[in-house]
>>> print(open('structure_14.cif').read())   # mmCIF, C-alpha atoms
data_final
loop_
_atom_site.label_atom_id
_atom_site.label_comp_id
_atom_site.auth_asym_id
_atom_site.auth_seq_id
_atom_site.Cartn_x
_atom_site.Cartn_y
_atom_site.Cartn_z
CA MET H 260 -29.10 48.25 21.83
CA SER H 261 -25.67 47.80 23.30
CA LYS H 262 -26.92 44.71 25.21
CA THR H 263 -28.10 43.14 21.96
CA LEU H 264 -24.73 43.87 20.42
CA ILE H 265 -22.94 42.23 23.34
CA ALA H 266 -25.22 39.19 23.10
CA VAL H 267 -24.48 38.91 19.38
CA LEU H 268 -20.77 39.24 20.07
CA CYS H 269 -20.99 36.53 22.73
CA VAL H 270 -22.78 34.13 20.38
CA GLY H 271 -20.25 34.96 17.71
CA SER H 272 -17.30 34.23 19.93
CA THR H 273 -18.89 30.99 21.19
CA ILE H 274 -19.17 29.75 17.62
CA GLY H 275 -15.60 30.81 17.01
CA VAL H 276 -14.39 28.92 20.08
CA SER H 277 -16.33 25.78 19.18
CA ILE H 278 -14.89 25.82 15.64
CA ALA H 279 -11.41 26.24 17.10
CA LEU H 280 -12.09 23.38 19.52
CA ALA H 281 -13.39 21.16 16.73
CA GLN H 282 -10.20 21.82 14.79
CA ARG H 283 -8.01 21.20 17.79
CA ALA H 284 -10.01 18.10 18.73
CA ASP H 285 -8.89 16.28 15.58
CA THR H 286 -5.67 14.76 16.87
CA ARG H 287 -5.79 11.85 14.46
CA ARG H 288 -2.50 11.01 12.84
CA SER H 289 -1.81 8.79 9.89
CA GLY H 290 1.01 6.31 10.40
CA TYR H 291 2.74 8.31 7.65
CA GLN H 292 3.38 11.18 10.05
CA ASP H 293 5.27 8.90 12.43
CA MET H 294 7.58 7.48 9.76
CA SER H 295 11.12 8.62 9.09
CA LYS H 296 11.72 11.16 6.32
CA SER H 297 13.31 8.53 4.11
CA VAL H 298 10.32 6.18 4.28
CA GLN H 299 7.97 9.11 3.69
CA SER H 300 9.83 10.13 0.54
CA MET H 301 9.80 6.49 -0.57
CA GLN H 302 6.00 6.55 -0.43
CA ASP H 303 5.71 9.95 -2.09
CA ASP H 304 7.86 9.13 -5.13
CA ASP H 305 6.00 6.82 -7.49
CA THR H 306 9.28 5.58 -8.96
CA ALA H 307 10.67 4.71 -5.51
CA ASN H 308 7.46 3.32 -3.97
CA PRO H 309 7.73 -0.48 -4.41
CA ALA H 310 3.94 -0.80 -4.18
CA MET H 311 3.82 0.79 -7.63
CA LEU H 312 5.23 -2.48 -9.01
CA TRP H 313 1.96 -4.11 -7.94
CA VAL H 314 -0.06 -1.18 -9.32
CA ARG H 315 1.60 -1.80 -12.67
CA ASP H 316 0.70 -5.48 -12.52
CA GLY H 317 -2.84 -4.45 -11.62
CA ALA H 318 -3.07 -2.24 -14.69
CA ALA H 319 -2.20 -5.23 -16.87
CA LEU H 320 -4.73 -7.44 -15.07
CA TRP H 321 -7.45 -4.80 -15.47
CA THR H 322 -7.52 -5.32 -19.22
CA ARG H 323 -6.76 -9.07 -19.32
CA ARG H 324 -9.73 -11.25 -20.29
CA VAL H 325 -10.20 -14.23 -17.97
CA GLY H 326 -12.76 -16.86 -17.05
CA ALA H 327 -15.50 -18.64 -18.95
CA ALA H 328 -17.11 -15.28 -19.75
CA ASP H 329 -13.85 -14.11 -21.36
CA LYS H 330 -14.27 -10.65 -19.88
CA ALA H 331 -11.77 -8.19 -18.43
CA CYS H 332 -12.52 -5.71 -15.63
CA ALA H 333 -12.32 -3.00 -18.29
CA ASP H 334 -15.08 -4.61 -20.39
CA CYS H 335 -17.65 -3.74 -17.70
CA HIS H 336 -16.05 -0.86 -15.83
CA GLY H 337 -14.26 0.90 -18.68
CA GLY H 338 -11.25 2.96 -17.65
CA VAL H 339 -9.98 2.61 -14.14
CA GLU H 340 -11.01 6.22 -13.47
CA SER H 341 -14.46 4.76 -12.78
CA MET H 342 -12.91 3.34 -9.60
CA ALA H 343 -12.17 6.78 -8.11
CA ASP H 344 -13.50 6.96 -4.53
CA VAL H 345 -14.19 3.22 -4.34
CA ALA H 346 -11.38 2.46 -1.90
CA ALA H 347 -12.39 5.51 0.16
CA ARG H 348 -15.89 4.15 0.82
CA TYR H 349 -15.38 0.38 1.08
CA PRO H 350 -16.30 -2.02 2.77
CA ALA H 351 -19.82 -1.90 1.32
CA PHE H 352 -22.94 -3.98 1.84
CA ASP H 353 -23.52 -6.73 -0.70
CA ALA H 354 -27.23 -7.45 -1.09
CA GLY H 355 -26.63 -10.84 -2.68
CA LEU H 356 -24.56 -12.13 0.22
CA GLY H 357 -26.50 -10.17 2.83
CA ARG H 358 -23.28 -8.97 4.49
CA PRO H 359 -20.59 -6.34 4.04
CA VAL H 360 -17.64 -7.13 1.77
CA ASP H 361 -14.21 -5.52 1.55
CA LEU H 362 -12.49 -4.50 -1.67
CA GLU H 363 -10.68 -7.80 -2.12
CA GLN H 364 -13.90 -9.76 -1.62
CA ARG H 365 -15.67 -7.47 -4.11
CA ILE H 366 -13.00 -8.17 -6.73
CA ASN H 367 -13.46 -11.90 -6.18
CA LEU H 368 -17.26 -11.56 -6.39
CA CYS H 369 -16.81 -9.81 -9.73
CA ARG H 370 -14.57 -12.64 -10.88
CA ARG H 371 -17.10 -15.25 -9.83
CA ASP H 372 -20.28 -13.58 -11.07
CA HIS H 373 -19.20 -11.59 -14.12
CA GLN H 374 -15.98 -13.20 -15.34
CA GLN H 375 -16.94 -16.75 -14.25
CA ALA H 376 -13.34 -17.21 -13.14
CA GLU H 377 -11.74 -18.79 -10.10
CA ALA H 378 -11.47 -16.56 -7.06
CA LEU H 379 -7.97 -15.22 -6.45
CA ALA H 380 -6.36 -16.51 -3.25
CA GLY H 381 -6.19 -14.10 -0.32
CA GLU H 382 -2.90 -12.14 -0.25
CA SER H 383 -1.94 -13.51 -3.68
CA ARG H 384 0.06 -11.21 -5.91
CA ASP H 385 -2.75 -10.82 -8.45
CA LEU H 386 -5.40 -9.96 -5.86
CA LEU H 387 -3.13 -7.44 -4.16
CA ALA H 388 -2.17 -5.99 -7.55
CA LEU H 389 -5.78 -5.40 -8.59
CA THR H 390 -6.63 -4.01 -5.15
CA ALA H 391 -3.64 -1.66 -5.25
CA TYR H 392 -4.54 -0.51 -8.76
CA VAL H 393 -8.12 0.26 -7.74
CA ALA H 394 -7.09 1.84 -4.42
CA ARG H 395 -4.53 4.03 -6.22
CA GLN H 396 -7.44 5.82 -7.92
CA SER H 397 -8.61 7.14 -4.54
CA ARG H 398 -5.24 8.51 -3.44
CA GLY H 399 -5.65 11.91 -1.82
CA LYS H 400 -9.43 11.51 -1.47
CA PRO H 401 -10.90 11.77 2.02
CA ILE H 402 -12.09 8.51 3.57
CA ALA H 403 -15.87 8.60 3.18
CA PRO H 404 -17.49 5.44 4.53
CA SER H 405 -20.96 4.59 3.29
CA ASP H 406 -23.96 5.65 5.37
CA ASP H 407 -25.85 2.50 4.39
CA PRO H 408 -27.93 1.61 7.51
CA ARG H 409 -27.48 -2.10 6.77
CA LEU H 410 -23.80 -1.67 7.72
CA ARG H 411 -24.63 -0.45 11.22
CA PRO H 412 -24.69 -3.84 13.01
CA SER H 413 -21.29 -4.73 11.51
CA ILE H 414 -19.78 -1.35 12.43
CA ASP H 415 -21.01 -1.79 16.00
CA ALA H 416 -19.59 -5.31 16.08
CA GLY H 417 -16.26 -3.92 14.85
CA ALA H 418 -16.29 -1.22 17.53
CA ALA H 419 -16.91 -3.87 20.18
CA LEU H 420 -14.10 -6.05 18.80
CA PHE H 421 -11.74 -3.06 18.92
CA LYS H 422 -12.35 -2.74 22.66
CA GLN H 423 -12.45 -6.50 23.32
CA ARG H 424 -9.51 -7.80 25.37
CA GLN H 425 -8.16 -11.00 23.90
CA GLY H 426 -5.16 -13.28 23.70
CA GLN H 427 -2.66 -14.39 26.30
CA LEU H 428 -1.58 -10.78 26.85
CA ASN H 429 -5.22 -9.84 27.50
CA LEU H 430 -4.98 -6.73 25.35
CA SER H 431 -7.53 -4.91 23.22
CA CYS H 432 -6.77 -2.93 20.06
CA ALA H 433 -7.88 0.21 21.90
CA GLN H 434 -5.33 -0.19 24.68
CA CYS H 435 -2.51 0.33 22.21
CA HIS H 436 -4.05 2.43 19.45
CA ASP H 437 -6.35 4.70 21.52
CA ASP H 438 -4.73 4.81 24.96
CA ASN H 439 -1.02 4.59 24.16
CA ASP H 440 -0.61 5.82 20.59
CA SER H 441 2.52 7.83 19.76
CA ARG H 442 4.34 6.09 22.63
CA LYS H 443 6.91 3.39 22.09
CA LEU H 444 6.48 -0.37 21.90
CA GLY H 445 10.09 -1.46 21.89
CA SER H 446 11.72 0.87 19.42
CA ALA H 447 8.59 1.31 17.29
CA THR H 448 6.14 4.17 17.61
CA ILE H 449 2.62 2.91 18.26
CA PRO H 450 0.42 4.32 15.48
CA GLN H 451 -3.24 5.22 15.95
CA GLY H 452 -4.10 2.44 13.57
CA HIS H 453 -5.93 4.31 10.82
CA PRO H 454 -6.35 2.30 7.60
CA THR H 455 -5.22 5.18 5.40
CA ALA H 456 -2.77 3.49 3.05
CA TYR H 457 -3.84 -0.09 2.36
CA PRO H 458 -2.70 -2.18 0.65
CA ILE H 459 0.70 -1.27 2.11
CA TYR H 460 4.23 -2.15 1.13
CA ARG H 461 5.69 -3.01 4.50
CA LEU H 462 9.48 -3.00 4.62
CA GLU H 463 9.37 -5.75 7.24
CA TRP H 464 7.34 -7.93 4.85
CA GLN H 465 9.42 -7.00 1.81
CA GLY H 466 6.11 -7.12 0.00
CA LEU H 467 2.61 -5.77 -0.33
CA GLY H 468 -0.05 -6.79 2.17
CA SER H 469 -3.68 -6.07 2.95
CA LEU H 470 -5.27 -4.65 6.09
CA LYS H 471 -6.28 -8.22 6.91
CA ARG H 472 -2.63 -9.26 6.99
CA ARG H 473 -1.86 -6.32 9.28
CA LEU H 474 -4.72 -7.19 11.62
CA ARG H 475 -3.52 -10.79 11.78
CA ASN H 476 -0.06 -9.44 12.67
CA CYS H 477 -1.54 -7.48 15.58
CA LEU H 478 -3.55 -10.49 16.76
CA VAL H 479 -0.46 -12.69 16.76
CA GLY H 480 1.39 -9.94 18.65
CA MET H 481 -1.35 -10.00 21.29
CA ARG H 482 -0.93 -13.79 21.34
CA ALA H 483 -4.51 -14.18 20.28
CA GLU H 484 -5.71 -16.70 17.73
CA PRO H 485 -6.14 -14.82 14.42
CA TYR H 486 -9.62 -15.16 12.94
CA ALA H 487 -9.92 -17.48 9.95
CA TYR H 488 -9.08 -15.79 6.65
CA ASP H 489 -12.68 -15.58 5.47
CA SER H 490 -14.24 -14.69 8.82
CA PRO H 491 -16.47 -11.59 9.05
CA GLU H 492 -14.49 -10.10 11.97
CA TYR H 493 -11.92 -8.54 9.64
CA VAL H 494 -14.59 -6.73 7.64
CA GLN H 495 -16.29 -5.60 10.85
CA LEU H 496 -13.01 -4.18 12.17
CA GLU H 497 -12.29 -2.52 8.83
CA LEU H 498 -15.76 -0.94 8.81
CA PHE H 499 -15.18 0.46 12.29
CA LEU H 500 -11.66 1.66 11.46
CA MET H 501 -12.91 3.43 8.31
CA GLN H 502 -15.56 5.23 10.40
CA ARG H 503 -12.86 6.17 12.89
CA ALA H 504 -10.69 7.56 10.08
CA ARG H 505 -13.55 9.35 8.29
CA GLY H 506 -12.23 12.40 6.44
CA MET H 507 -8.55 11.48 6.60
CA PRO H 508 -6.91 11.45 3.15
CA LEU H 509 -6.21 8.08 1.57
CA GLU H 510 -2.53 7.43 0.68
CA SER H 511 -2.93 4.06 -1.02
CA PRO H 512 -0.75 2.29 -1.82
CA GLY H 513 1.45 3.37 1.07
CA VAL H 514 4.82 2.34 2.47
CA ARG H 515 5.21 1.47 6.15
CA PRO H 516 8.24 0.35 8.16
CA MET R 668 10.49 -10.98 -17.73
CA GLY R 669 11.41 -8.21 -15.36
CA ASN R 670 9.05 -5.60 -13.97
CA ALA R 671 11.02 -2.41 -13.37
CA LEU R 672 10.24 1.22 -12.72
CA ILE R 673 12.89 3.67 -13.84
CA ASN R 674 13.17 7.40 -13.38
CA VAL R 675 15.58 9.07 -15.80
CA PRO R 676 15.32 12.69 -16.95
CA GLY R 677 14.51 13.01 -20.67
CA THR R 678 16.74 16.04 -21.17
CA VAL R 679 19.83 17.04 -19.21
CA LYS R 680 22.39 19.85 -19.38
CA ARG R 681 25.77 18.95 -20.82
CA GLY R 682 28.22 17.99 -18.08
CA GLU R 683 25.69 18.44 -15.28
CA ALA R 684 25.13 15.60 -12.80
CA PHE R 685 21.69 13.98 -12.91
CA GLU R 686 20.13 11.15 -10.96
CA ILE R 687 19.03 7.76 -12.28
CA LYS R 688 16.61 5.77 -10.13
CA ALA R 689 15.66 2.17 -10.79
CA LEU R 690 13.33 -0.12 -8.87
CA ILE R 691 12.79 -3.74 -9.86
CA SER R 692 10.46 -6.49 -8.72
CA HIS R 693 12.52 -9.40 -7.42
CA PRO R 694 12.24 -11.73 -4.38
CA MET R 695 16.00 -11.63 -3.53
CA GLU R 696 15.72 -15.02 -1.82
CA THR R 697 18.87 -15.36 0.27
CA GLY R 698 19.45 -19.12 0.05
CA PHE R 699 19.84 -19.25 3.83
CA ARG R 700 16.18 -19.65 4.71
CA ALA R 701 14.47 -22.98 5.26
CA GLY R 702 11.02 -23.67 3.86
CA THR R 703 8.15 -25.27 5.77
CA ASN R 704 9.58 -28.76 5.14
CA GLY R 705 12.94 -27.84 6.63
CA THR R 706 14.96 -27.84 3.41
CA LEU R 707 16.75 -24.72 2.24
CA ILE R 708 14.99 -22.51 -0.29
CA PRO R 709 17.49 -22.16 -3.17
CA ARG R 710 19.17 -18.80 -3.55
CA ASN R 711 17.50 -16.55 -6.10
CA ILE R 712 19.06 -13.10 -6.21
CA ILE R 713 19.98 -10.48 -8.75
CA GLN R 714 23.76 -10.79 -9.05
CA ARG R 715 24.64 -7.80 -11.12
CA PHE R 716 23.25 -4.48 -12.24
CA THR R 717 24.90 -2.50 -15.03
CA CYS R 718 24.17 0.81 -16.64
CA THR R 719 25.62 1.61 -20.06
CA TYR R 720 25.34 4.83 -22.00
CA ASN R 721 25.87 4.60 -25.76
CA GLY R 722 27.51 1.23 -25.14
CA VAL R 723 29.95 2.50 -22.50
CA GLU R 724 29.54 1.21 -18.95
CA VAL R 725 28.99 4.09 -16.54
CA PHE R 726 27.90 2.22 -13.41
CA ASN R 727 27.79 -1.33 -12.13
CA LEU R 728 26.81 -2.99 -8.92
CA VAL R 729 27.31 -6.50 -7.53
CA LEU R 730 24.36 -7.44 -5.33
CA SER R 731 24.59 -9.72 -2.29
CA PRO R 732 22.03 -11.98 -0.59
CA ALA R 733 21.70 -9.41 2.22
CA ILE R 734 19.95 -6.93 -0.06
CA ALA R 735 16.18 -6.72 0.45
CA ALA R 736 13.53 -7.77 -2.04
CA ASN R 737 12.62 -5.34 -4.84
CA PRO R 738 15.99 -3.53 -4.80
CA PHE R 739 15.99 0.22 -5.42
CA ILE R 740 19.17 1.58 -7.00
CA ALA R 741 19.90 5.29 -7.39
CA PHE R 742 23.08 6.93 -8.64
CA PHE R 743 24.33 10.04 -10.41
CA THR R 744 26.12 10.41 -13.70
CA VAL R 745 26.89 13.09 -16.30
CA ALA R 746 26.30 13.10 -20.05
CA THR R 747 28.22 15.03 -22.68
CA GLU R 748 26.21 13.94 -25.71
CA SER R 749 22.69 12.64 -26.40
CA GLY R 750 22.23 8.90 -26.40
CA LYS R 751 20.60 5.78 -25.09
CA LEU R 752 20.80 4.62 -21.50
CA VAL R 753 20.51 0.87 -20.93
CA LEU R 754 19.88 -0.58 -17.47
CA ARG R 755 20.39 -4.33 -17.13
CA TRP R 756 19.79 -6.67 -14.22
CA THR R 757 21.04 -10.28 -14.33
CA GLY R 758 20.83 -12.96 -11.67
CA ASP R 759 20.20 -16.53 -10.57
CA ASP R 760 17.97 -18.88 -12.56
CA GLY R 761 18.80 -17.02 -15.75
CA PHE R 762 17.07 -13.86 -14.54
CA SER R 763 17.56 -11.00 -16.93
CA ALA R 764 15.75 -7.68 -17.32
CA GLU R 765 16.50 -4.63 -19.39
CA GLU R 766 15.14 -1.09 -19.55
CA THR R 767 16.21 1.64 -21.92
CA ALA R 768 15.73 5.38 -21.87
CA PRO R 769 16.75 8.02 -24.41
CA ILE R 770 18.49 11.11 -23.06
CA THR R 771 18.81 14.40 -24.92
CA VAL R 772 21.70 16.63 -23.93
CA THR R 773 21.28 20.38 -24.20
CA SER R 774 24.07 22.88 -23.77
#
>>> encode(input="structure_14.cif", output="structure tokens")
Amino acid sequence: MSKTLIAVLCVGSTIGVSIALAQRADTRRSGYQDMSKSVQSMQDDDTANPAMLWVRDGAALWTRRVGAADKACADCHGGVESMADVAARYPAFDAGLGRPVDLEQRINLCRRDHQQAEALAGESRDLLALTAYVARQSRGKPIAPSDDPRLRPSIDAGAALFKQRQGQLNLSCAQCHDDNDSRKLGSATIPQGHPTAYPIYRLEWQGLGSLKRRLRNCLVGMRAEPYAYDSPEYVQLELFLMQRARGMPLESPGVRP
Amino acid sequence: MGNALINVPGTVKRGEAFEIKALISHPMETGFRAGTNGTLIPRNIIQRFTCTYNGVEVFNLVLSPAIAANPFIAFFTVATESGKLVLRWTGDDGFSAEETAPITVTS
């Protein structure tokens, strides 16, 4: 009797320990946590967060009819509330193209197929505004990437790219963001590189930018040749980074130094 | 033509300081930068920001080319009677933007 009780107690405490370990094991940090108080409060206050200027533009674009079909986003999707969770689960697989697409590419696919309008240029104000407006609807939601098995090859490719040394400095993403995060690169703290707040208003840019722009920044910093704007590598990396950040709350649109 | 976000309390206590926050979309091009063809990009900045309350100026600011894009301006003031707050930005190339907010004063 007492032996059974002890065994039960042991099992109980093992579960307790493993839960505690699981909690302690999550050492992931959003770049937000490494920012100064003033930049944090800039992000938190919607009337001080400059990215909200783009969100406001996005709200206007959402209801503006464009293209040969003379349709607005709202004509198909209704209120923007229907976009809740979208930014938290993208990139998603597009059956028509047979490859994963990110949120910006999805917006342009909608423009092409449903609005019969010209695609918006990458990093253009209108594309960033619509992306920010859609992403804003997922703020505070945990990142929940899709379990679509068709994404698997691209996620694996992204994971390989993350560990791939490249450029004249012969660095991989992982060497900074996995092995040396929270340490200093010059005066800047190296973040873990979680895509929790895109599109971001970066003070250095004095403007809003996508994850793609940030990745290109890193590649240039490694003295590697950035991939072409429409190349699949960015989506592959984003897919891997979203898996890596699974469960972390989305802050979009964020502010970063 | 401006795109501004303002944060002004709707009601304030008579004589008590309150904060006004204003953020506006603007490139604040310095005039010192060269474009890809080597020629200078013309200066395009907001030159002046004023805040009037019931027609009386309570705050003004002269902006310089060193101020970053999308300037955020925050300041405190007091109100003794209800009225209308007018925020106005003017700058190069005939830039002009205006936002208004009503304020109710309670005792």
>>> interface_residues(input="structure_14.cif", of="chain R", to="chain H", cutoff="9 Å", atoms="all atoms listed in the file", output="list in words")
Asn670, Ala671, Leu672, Ile673, Asn674, Lys688, Ala689, Leu690, Ile691, Ser692, Pro694, Ala735, Ala736, Asn737, Pro738 and Phe739 of chain R
>>> closest_residue(input="structure_14.cif", among="R:Leu730, R:Ile712, R:Val725, R:Ile740", to="Asp760 of chain R", atoms="all atoms listed in the file")
R:Ile712
>>> residues_around(input="structure_14.cif", residues="Leu430 of chain H", least_positions_apart="6", cutoff="12 Å", atoms="only C-alpha atoms", output="CSV table (one decimal) with C-alpha atoms, in the frame of the given file")
chain,number,residue,atom,x,y,z
H,420,LEU,CA,-14.1,-6.0,18.8
H,421,PHE,CA,-11.7,-3.1,18.9
H,422,LYS,CA,-12.4,-2.7,22.7
H,423,GLN,CA,-12.4,-6.5,23.3
H,424,ARG,CA,-9.5,-7.8,25.4
H,436,HIS,CA,-4.0,2.4,19.4
H,438,ASP,CA,-4.7,4.8,25.0
H,477,CYS,CA,-1.5,-7.5,15.6
H,478,LEU,CA,-3.6,-10.5,16.8
H,479,VAL,CA,-0.5,-12.7,16.8
H,480,GLY,CA,1.4,-9.9,18.6
H,481,MET,CA,-1.4,-10.0,21.3
H,482,ARG,CA,-0.9,-13.8,21.3
H,483,ALA,CA,-4.5,-14.2,20.3
>>> atom_distance(input="structure_14.cif", atom1="atom CA of Arg710 of chain R", atom2="atom CA of Arg384 of chain H")
20.7 Å
>>> resolve_selection(input="structure_14.cif", expression="the PyMOL selection byres ((chain R and resi 758) around 7)", output="list in words")
Ile712, Ile713, Gln714, Arg715, Trp756, Thr757, Asp759, Asp760, Gly761, Phe762 and Ser763 of chain R
>>> atom_distance(input="structure_14.cif", atom1="atom CA of Lys471 of chain H", atom2="atom CA of Asp353 of chain H")
18.9 Å
>>> residues_around(input="structure_14.cif", residues="Gly381 of chain H", least_positions_apart="6", cutoff="9 Å", atoms="all atoms listed in the file", output="list in words")
Glu363, Gln364, Leu387, Tyr488 and Asp489 of chain H
>>> residues_around(input="structure_14.cif", residues="Ala331 of chain H", least_positions_apart="3", cutoff="12 Å", atoms="all atoms listed in the file", output="number ranges by chain")
H: 317-328, 334-339, 366, 369-370, 373-376, 389
>>> atom_distance(input="structure_14.cif", atom1="atom CA of Ala380 of chain H", atom2="atom CA of Ser405 of chain H")
26.5 Å
>>> closest_atom_pairs(input="structure_14.cif", of="segment 331-370 of chain H", to="segment 491-510 of chain H", cutoff="8 Å", atoms="only C-alpha atoms", output="JSON lines")
{"residue": "H:Ala347", "atom": "CA", "partner": "H:Leu509", "partner_atom": "CA", "distance": 6.8}
{"residue": "H:Tyr349", "atom": "CA", "partner": "H:Leu498", "partner_atom": "CA", "distance": 7.9}
{"residue": "H:Pro350", "atom": "CA", "partner": "H:Leu498", "partner_atom": "CA", "distance": 6.2}
{"residue": "H:Pro359", "atom": "CA", "partner": "H:Val494", "partner_atom": "CA", "distance": 7.0}
{"residue": "H:Val360", "atom": "CA", "partner": "H:Val494", "partner_atom": "CA", "distance": 6.6}
{"residue": "H:Asp361", "atom": "CA", "partner": "H:Val494", "partner_atom": "CA", "distance": 6.2}
>>> write_last_selection(input="structure_14.cif", atoms="C-alpha atoms", output="PDB file, in the coordinates of the input")
ATOM      1  CA  ALA H 347     -12.390   5.510   0.160  1.00  0.00           C
ATOM      2  CA  TYR H 349     -15.380   0.380   1.080  1.00  0.00           C
ATOM      3  CA  PRO H 350     -16.300  -2.020   2.770  1.00  0.00           C
ATOM      4  CA  PRO H 359     -20.590  -6.340   4.040  1.00  0.00           C
ATOM      5  CA  VAL H 360     -17.640  -7.130   1.770  1.00  0.00           C
ATOM      6  CA  ASP H 361     -14.210  -5.520   1.550  1.00  0.00           C
TER       7      ASP H 361
END
>>> residues_around(input="structure_14.cif", residues="Glu382 of chain H", least_positions_apart="5", cutoff="8 Å", atoms="all atoms listed in the file", output="PyMOL selection string")
chain H and resi 387+468-469+472
>>> axis_aligned_box(input="structure_14.cif", around="segment 730-739 of chain R", padding_each_side="6 Å", output="AutoDock Vina command-line options")
--center_x 18.6 --center_y -5.9 --center_z -1.6 --size_x 24.0 --size_y 24.2 --size_z 19.6
>>> residues_around(input="structure_14.cif", residues="Val723 of chain R", least_positions_apart="6", cutoff="12 Å", atoms="all atoms listed in the file", output="list in words")
Thr717, Ala746, Gly750, Lys751, Leu752, Val753 and Leu754 of chain R
>>> residues_near_point(input="structure_14.cif", point="(20.5, 16.1, -24.1)", cutoff="10 Å", atoms="all atoms listed in the file", output="VMD selection string")
chain R and resid 676 to 682 746 to 750 769 to 774
>>> write_last_selection(input="structure_14.cif", atoms="C-alpha atoms", output="PDB file, in the coordinates of the input")
ATOM      1  CA  PRO R 676      15.320  12.690 -16.950  1.00  0.00           C
ATOM      2  CA  GLY R 677      14.510  13.010 -20.670  1.00  0.00           C
ATOM      3  CA  THR R 678      16.740  16.040 -21.170  1.00  0.00           C
ATOM      4  CA  VAL R 679      19.830  17.040 -19.210  1.00  0.00           C
ATOM      5  CA  LYS R 680      22.390  19.850 -19.380  1.00  0.00           C
ATOM      6  CA  ARG R 681      25.770  18.950 -20.820  1.00  0.00           C
ATOM      7  CA  GLY R 682      28.220  17.990 -18.080  1.00  0.00           C
ATOM      8  CA  ALA R 746      26.300  13.100 -20.050  1.00  0.00           C
ATOM      9  CA  THR R 747      28.220  15.030 -22.680  1.00  0.00           C
ATOM     10  CA  GLU R 748      26.210  13.940 -25.710  1.00  0.00           C
ATOM     11  CA  SER R 749      22.690  12.640 -26.400  1.00  0.00           C
ATOM     12  CA  GLY R 750      22.230   8.900 -26.400  1.00  0.00           C
ATOM     13  CA  PRO R 769      16.750   8.020 -24.410  1.00  0.00           C
ATOM     14  CA  ILE R 770      18.490  11.110 -23.060  1.00  0.00           C
ATOM     15  CA  THR R 771      18.810  14.400 -24.920  1.00  0.00           C
ATOM     16  CA  VAL R 772      21.700  16.630 -23.930  1.00  0.00           C
ATOM     17  CA  THR R 773      21.280  20.380 -24.200  1.00  0.00           C
ATOM     18  CA  SER R 774      24.070  22.880 -23.770  1.00  0.00           C
TER      19      SER R 774
END
>>> build_atoms(input="structure_14.cif", residues="segment 672-682 of chain R", atoms="N, CA, C and O atoms", output="short mmCIF file (atom, residue, chain, number, x, y, z; two decimals), in the coordinates of the input")
data_model
loop_
_atom_site.label_atom_id
_atom_site.label_comp_id
_atom_site.auth_asym_id
_atom_site.auth_seq_id
_atom_site.Cartn_x
_atom_site.Cartn_y
_atom_site.Cartn_z
N LEU R 672 10.65 -0.18 -12.61
CA LEU R 672 10.24 1.22 -12.72
C LEU R 672 11.51 2.05 -12.74
O LEU R 672 12.35 1.93 -11.84
N ILE R 673 11.69 2.86 -13.79
CA ILE R 673 12.89 3.67 -13.84
C ILE R 673 12.52 5.14 -13.92
O ILE R 673 11.47 5.51 -14.44
N ASN R 674 13.39 5.96 -13.38
CA ASN R 674 13.17 7.40 -13.38
C ASN R 674 14.45 8.06 -13.88
O ASN R 674 15.44 8.15 -13.16
N VAL R 675 14.42 8.46 -15.15
CA VAL R 675 15.58 9.07 -15.80
C VAL R 675 15.09 10.36 -16.47
O VAL R 675 14.07 10.33 -17.15
N PRO R 676 15.78 11.47 -16.29
CA PRO R 676 15.32 12.69 -16.95
C PRO R 676 15.44 12.57 -18.47
O PRO R 676 16.42 12.00 -18.97
N GLY R 677 14.48 13.09 -19.21
CA GLY R 677 14.51 13.01 -20.67
C GLY R 677 15.55 13.93 -21.27
O GLY R 677 16.21 13.58 -22.26
N THR R 678 15.72 15.11 -20.69
CA THR R 678 16.74 16.04 -21.17
C THR R 678 17.61 16.49 -20.00
O THR R 678 17.10 16.70 -18.89
N VAL R 679 18.90 16.59 -20.26
CA VAL R 679 19.83 17.04 -19.21
C VAL R 679 20.78 18.07 -19.81
O VAL R 679 20.97 18.12 -21.03
N LYS R 680 21.39 18.88 -18.93
CA LYS R 680 22.39 19.85 -19.38
C LYS R 680 23.74 19.17 -19.53
O LYS R 680 24.10 18.31 -18.73
N ARG R 681 24.46 19.55 -20.57
CA ARG R 681 25.77 18.95 -20.82
C ARG R 681 26.69 19.10 -19.61
O ARG R 681 26.84 20.19 -19.05
N GLY R 682 27.23 17.96 -19.17
CA GLY R 682 28.22 17.99 -18.08
C GLY R 682 27.62 18.13 -16.69
O GLY R 682 28.35 18.14 -15.70
#
